[in-house]
file data-v2.cif (mmCIF, C-alpha atoms; chains and numbers go by the auth columns)
data_protein
#
loop_
_atom_site.group_PDB
_atom_site.id
_atom_site.type_symbol
_atom_site.label_atom_id
_atom_site.label_comp_id
_atom_site.label_asym_id
_atom_site.label_seq_id
_atom_site.Cartn_x
_atom_site.Cartn_y
_atom_site.Cartn_z
_atom_site.B_iso_or_equiv
_atom_site.auth_seq_id
_atom_site.auth_asym_id
ATOM 1 C CA MET A 1 4.353 6.925 -19.696 0.00 642 A
ATOM 2 C CA SER A 2 3.936 3.836 -17.510 0.00 643 A
ATOM 3 C CA THR A 3 0.805 1.699 -17.750 0.00 644 A
ATOM 4 C CA VAL A 4 1.433 -0.008 -14.389 0.00 645 A
ATOM 5 C CA ALA A 5 -1.405 0.627 -11.932 0.00 646 A
ATOM 6 C CA LYS A 6 -0.215 2.240 -8.710 0.00 647 A
ATOM 7 C CA ALA A 7 -1.643 3.074 -5.294 0.00 648 A
ATOM 8 C CA VAL A 8 -0.800 5.465 -2.495 0.00 649 A
ATOM 9 C CA LEU A 9 -0.466 3.911 0.985 0.00 650 A
ATOM 10 C CA GLU A 10 -1.917 5.499 4.134 0.00 651 A
ATOM 11 C CA GLY A 11 -1.135 4.473 7.696 0.00 652 A
ATOM 12 C CA GLY A 12 1.103 1.678 8.889 0.00 653 A
ATOM 13 C CA PRO A 13 4.742 2.152 9.857 0.00 654 A
ATOM 14 C CA HIS A 14 5.960 5.698 9.331 0.00 655 A
ATOM 15 C CA ASP A 15 9.267 4.436 7.927 0.00 656 A
ATOM 16 C CA LEU A 16 7.982 2.329 5.025 0.00 657 A
ATOM 17 C CA PRO A 17 10.431 2.907 2.163 0.00 658 A
ATOM 18 C CA ALA A 18 7.723 3.718 -0.423 0.00 659 A
ATOM 19 C CA ARG A 19 4.245 5.216 -0.190 0.00 660 A
ATOM 20 C CA ILE A 20 3.457 4.885 -3.891 0.00 661 A
ATOM 21 C CA VAL A 21 3.551 1.247 -4.990 0.00 662 A
ATOM 22 C CA PRO A 22 2.520 -0.850 -8.010 0.00 663 A
ATOM 23 C CA ILE A 23 -0.674 -2.888 -7.627 0.00 664 A
ATOM 24 C CA THR A 24 -1.583 -6.127 -9.404 0.00 665 A
ATOM 25 C CA PRO A 25 -4.488 -6.626 -9.733 0.00 666 A
ATOM 26 C CA PRO A 26 -6.182 -3.359 -8.686 0.00 667 A
ATOM 27 C CA GLY A 27 -8.753 -3.569 -5.890 0.00 668 A
ATOM 28 C CA VAL A 28 -7.128 -6.477 -4.035 0.00 669 A
ATOM 29 C CA GLU A 29 -5.499 -6.113 -0.602 0.00 670 A
ATOM 30 C CA LEU A 30 -1.796 -5.289 -0.795 0.00 671 A
ATOM 31 C CA LYS A 31 0.763 -7.236 1.222 0.00 672 A
ATOM 32 C CA ILE A 32 4.019 -5.294 1.564 0.00 673 A
ATOM 33 C CA PRO A 33 7.089 -7.135 2.967 0.00 674 A
ATOM 34 C CA PHE A 34 8.674 -5.067 5.749 0.00 675 A
ATOM 35 C CA ARG A 35 10.971 -5.871 8.684 0.00 676 A
ATOM 36 C CA GLY A 36 10.396 -9.621 8.864 0.00 677 A
ATOM 37 C CA GLY A 37 6.655 -9.413 8.301 0.00 678 A
ATOM 38 C CA TYR A 38 3.988 -8.027 6.028 0.00 679 A
ATOM 39 C CA GLU A 39 2.037 -4.787 6.217 0.00 680 A
ATOM 40 C CA HIS A 40 -1.470 -5.223 4.800 0.00 681 A
ATOM 41 C CA PHE A 41 -3.314 -2.406 3.056 0.00 682 A
ATOM 42 C CA ALA A 42 -6.958 -2.529 1.921 0.00 683 A
ATOM 43 C CA ALA A 43 -8.365 -0.597 -1.031 0.00 684 A
ATOM 44 C CA THR A 44 -10.633 2.339 -0.239 0.00 685 A
ATOM 45 C CA GLN A 45 -12.987 4.308 -2.458 0.00 686 A
ATOM 46 C CA ARG A 46 -10.814 7.400 -1.977 0.00 687 A
ATOM 47 C CA GLU A 47 -8.265 8.811 -4.392 0.00 688 A
ATOM 48 C CA ARG A 48 -5.461 11.310 -3.859 0.00 689 A
ATOM 49 C CA ASP A 49 -3.490 13.595 -6.163 0.00 690 A
ATOM 50 C CA THR A 50 0.198 12.615 -6.120 0.00 691 A
ATOM 51 C CA PRO A 51 3.292 13.513 -8.163 0.00 692 A
ATOM 52 C CA GLU A 52 2.427 10.397 -10.229 0.00 693 A
ATOM 53 C CA GLY A 53 -1.173 11.438 -10.880 0.00 694 A
ATOM 54 C CA ARG A 54 -4.459 10.656 -9.175 0.00 695 A
ATOM 55 C CA LEU A 55 -4.139 7.306 -7.388 0.00 696 A
ATOM 56 C CA ARG A 56 -6.401 5.015 -5.365 0.00 697 A
ATOM 57 C CA VAL A 57 -5.739 5.157 -1.603 0.00 698 A
ATOM 58 C CA TYR A 58 -4.988 1.897 0.193 0.00 699 A
ATOM 59 C CA GLU A 59 -5.297 2.077 3.985 0.00 700 A
ATOM 60 C CA TRP A 60 -3.229 0.046 6.446 0.00 701 A
ATOM 61 C CA CYS A 61 -5.310 -2.673 8.149 0.00 702 A
ATOM 62 C CA GLU A 62 -2.915 -5.143 9.838 0.00 703 A
ATOM 63 C CA ARG A 63 0.571 -6.599 10.192 0.00 704 A
ATOM 64 C CA THR A 64 1.421 -10.290 9.985 0.00 705 A
ATOM 65 C CA LYS A 65 4.687 -12.149 10.565 0.00 706 A
ATOM 66 C CA VAL A 66 6.499 -14.187 7.928 0.00 707 A
ATOM 67 C CA ALA A 67 5.823 -17.903 8.390 0.00 708 A
ATOM 68 C CA GLU A 68 8.938 -19.824 9.356 0.00 709 A
#

call {"tool": "encode", "arguments": {"input": "data-v2.cif", "output": "structure tokens"}}
result
Amino acid sequence: MSTVAKAVLEGGPHDLPARIVPITPPGVELKIPFRGGYEHFAATQRERDTPEGRLRVYEWCERTKVAE
């Protein structure tokens, strides 16, 4: 059994390759690289049952571009 903390992502682009992702450290905003930018997800107080157990929900909050 894995001890890596994971989160389930809500919102953002519908074609993100993964909706269950590792989080380090828990509770901090996630920044997911996607299509030349980053999708940002903020922790919520909600949890959801998933195939990988009950996970904290992170909700999409913004997109930023990669600095060149």

call {"tool": "closest_residue", "arguments": {"input": "data-v2.cif", "among": "A:Val669, A:Ala708, A:Cys702, A:Arg697", "to": "Gly652 in chain A", "atoms": "all atoms listed in the file"}}
result
A:Cys702

call {"tool": "atom_distance", "arguments": {"input": "data-v2.cif", "atom1": "CA of His655 in chain A", "atom2": "CA of Glu700 in chain A"}}
result
13.0 Å

call {"tool": "resolve_selection", "arguments": {"input": "data-v2.cif", "expression": "the PyMOL selection byres ((chain A and resi 680) around 12)", "output": "ChimeraX atom specification"}}
result
/A:650-657,670-679,681-683,699-707

call {"tool": "write_last_selection", "arguments": {"input": "data-v2.cif", "atoms": "C-alpha atoms", "output": "short mmCIF file (atom, residue, chain, number, x, y, z; two decimals), in the coordinates of the input"}}
result
data_model
loop_
_atom_site.label_atom_id
_atom_site.label_comp_id
_atom_site.auth_asym_id
_atom_site.auth_seq_id
_atom_site.Cartn_x
_atom_site.Cartn_y
_atom_site.Cartn_z
CA LEU A 650 -0.47 3.91 0.98
CA GLU A 651 -1.92 5.50 4.13
CA GLY A 652 -1.14 4.47 7.70
CA GLY A 653 1.10 1.68 8.89
CA PRO A 654 4.74 2.15 9.86
CA HIS A 655 5.96 5.70 9.33
CA ASP A 656 9.27 4.44 7.93
CA LEU A 657 7.98 2.33 5.03
CA GLU A 670 -5.50 -6.11 -0.60
CA LEU A 671 -1.80 -5.29 -0.80
CA LYS A 672 0.76 -7.24 1.22
CA ILE A 673 4.02 -5.29 1.56
CA PRO A 674 7.09 -7.14 2.97
CA PHE A 675 8.67 -5.07 5.75
CA ARG A 676 10.97 -5.87 8.68
CA GLY A 677 10.40 -9.62 8.86
CA GLY A 678 6.66 -9.41 8.30
CA TYR A 679 3.99 -8.03 6.03
CA HIS A 681 -1.47 -5.22 4.80
CA PHE A 682 -3.31 -2.41 3.06
CA ALA A 683 -6.96 -2.53 1.92
CA TYR A 699 -4.99 1.90 0.19
CA GLU A 700 -5.30 2.08 3.98
CA TRP A 701 -3.23 0.05 6.45
CA CYS A 702 -5.31 -2.67 8.15
CA GLU A 703 -2.92 -5.14 9.84
CA ARG A 704 0.57 -6.60 10.19
CA THR A 705 1.42 -10.29 9.98
CA LYS A 706 4.69 -12.15 10.56
CA VAL A 707 6.50 -14.19 7.93
#

call {"tool": "atom_distance", "arguments": {"input": "data-v2.cif", "atom1": "CA of Val645 in chain A", "atom2": "CA of Val698 in chain A"}}
result
15.5 Å

call {"tool": "atom_distance", "arguments": {"input": "data-v2.cif", "atom1": "CA of Gly694 in chain A", "atom2": "CA of Val662 in chain A"}}
result
12.7 Å

call {"tool": "closest_residue", "arguments": {"input": "data-v2.cif", "among": "A:Ile661, A:Thr691, A:Gln686, A:Gly668", "to": "Ala648 in chain A", "atoms": "all atoms listed in the file"}}
result
A:Ile661

call {"tool": "build_atoms", "arguments": {"input": "data-v2.cif", "residues": "range 663-688 of chain A", "atoms": "N, CA and C atoms", "output": "short mmCIF file (atom, residue, chain, number, x, y, z; two decimals), keeping the file's coordinate frame"}}
result
data_model
loop_
_atom_site.label_atom_id
_atom_site.label_comp_id
_atom_site.auth_asym_id
_atom_site.auth_seq_id
_atom_site.Cartn_x
_atom_site.Cartn_y
_atom_site.Cartn_z
N PRO A 663 3.30 -0.21 -6.95
CA PRO A 663 2.52 -0.85 -8.01
C PRO A 663 1.49 -1.80 -7.41
N ILE A 664 0.36 -1.95 -8.08
CA ILE A 664 -0.67 -2.89 -7.63
C ILE A 664 -1.06 -3.82 -8.76
N THR A 665 -1.17 -5.12 -8.44
CA THR A 665 -1.58 -6.13 -9.40
C THR A 665 -2.36 -7.20 -8.67
N PRO A 666 -3.57 -7.45 -8.96
CA PRO A 666 -4.49 -6.63 -9.73
C PRO A 666 -5.07 -5.52 -8.85
N PRO A 667 -5.57 -4.44 -9.46
CA PRO A 667 -6.18 -3.36 -8.69
C PRO A 667 -7.39 -3.85 -7.89
N GLY A 668 -7.59 -3.25 -6.71
CA GLY A 668 -8.75 -3.57 -5.89
C GLY A 668 -8.55 -4.67 -4.88
N VAL A 669 -7.41 -5.38 -4.96
CA VAL A 669 -7.13 -6.48 -4.04
C VAL A 669 -6.23 -5.95 -2.92
N GLU A 670 -6.35 -6.53 -1.72
CA GLU A 670 -5.50 -6.11 -0.60
C GLU A 670 -4.02 -6.24 -0.97
N LEU A 671 -3.24 -5.26 -0.56
CA LEU A 671 -1.80 -5.29 -0.80
C LEU A 671 -1.08 -5.87 0.42
N LYS A 672 -0.04 -6.62 0.17
CA LYS A 672 0.76 -7.24 1.22
C LYS A 672 2.21 -6.82 0.96
N ILE A 673 2.70 -5.88 1.77
CA ILE A 673 4.02 -5.29 1.56
C ILE A 673 5.03 -5.91 2.55
N PRO A 674 6.09 -6.59 2.05
CA PRO A 674 7.09 -7.14 2.97
C PRO A 674 7.84 -6.01 3.66
N PHE A 675 8.00 -6.11 5.00
CA PHE A 675 8.67 -5.07 5.75
C PHE A 675 9.12 -5.60 7.09
N ARG A 676 10.40 -5.50 7.39
CA ARG A 676 10.97 -5.87 8.68
C ARG A 676 10.53 -7.24 9.21
N GLY A 677 10.69 -8.27 8.42
CA GLY A 677 10.40 -9.62 8.86
C GLY A 677 8.92 -9.96 8.93
N GLY A 678 8.09 -9.16 8.31
CA GLY A 678 6.66 -9.41 8.30
C GLY A 678 6.03 -8.79 7.07
N TYR A 679 4.71 -8.64 7.13
CA TYR A 679 3.99 -8.03 6.03
C TYR A 679 3.04 -6.98 6.58
N GLU A 680 3.01 -5.84 5.91
CA GLU A 680 2.04 -4.79 6.22
C GLU A 680 0.92 -4.95 5.20
N HIS A 681 -0.32 -5.02 5.67
CA HIS A 681 -1.47 -5.22 4.80
C HIS A 681 -2.22 -3.91 4.63
N PHE A 682 -2.58 -3.62 3.40
CA PHE A 682 -3.31 -2.41 3.06
C PHE A 682 -4.54 -2.79 2.24
N ALA A 683 -5.70 -2.24 2.61
CA ALA A 683 -6.96 -2.53 1.92
C ALA A 683 -7.35 -1.34 1.05
N ALA A 684 -7.92 -1.64 -0.11
CA ALA A 684 -8.36 -0.60 -1.03
C ALA A 684 -9.52 0.19 -0.41
N THR A 685 -9.52 1.49 -0.65
CA THR A 685 -10.63 2.34 -0.24
C THR A 685 -11.29 2.89 -1.50
N GLN A 686 -12.35 3.64 -1.32
CA GLN A 686 -12.99 4.31 -2.46
C GLN A 686 -12.37 5.68 -2.72
N ARG A 687 -11.43 6.08 -1.86
CA ARG A 687 -10.81 7.40 -1.98
C ARG A 687 -9.66 7.40 -2.97
N GLU A 688 -9.41 8.59 -3.53
CA GLU A 688 -8.26 8.81 -4.39
C GLU A 688 -7.54 10.05 -3.91
#
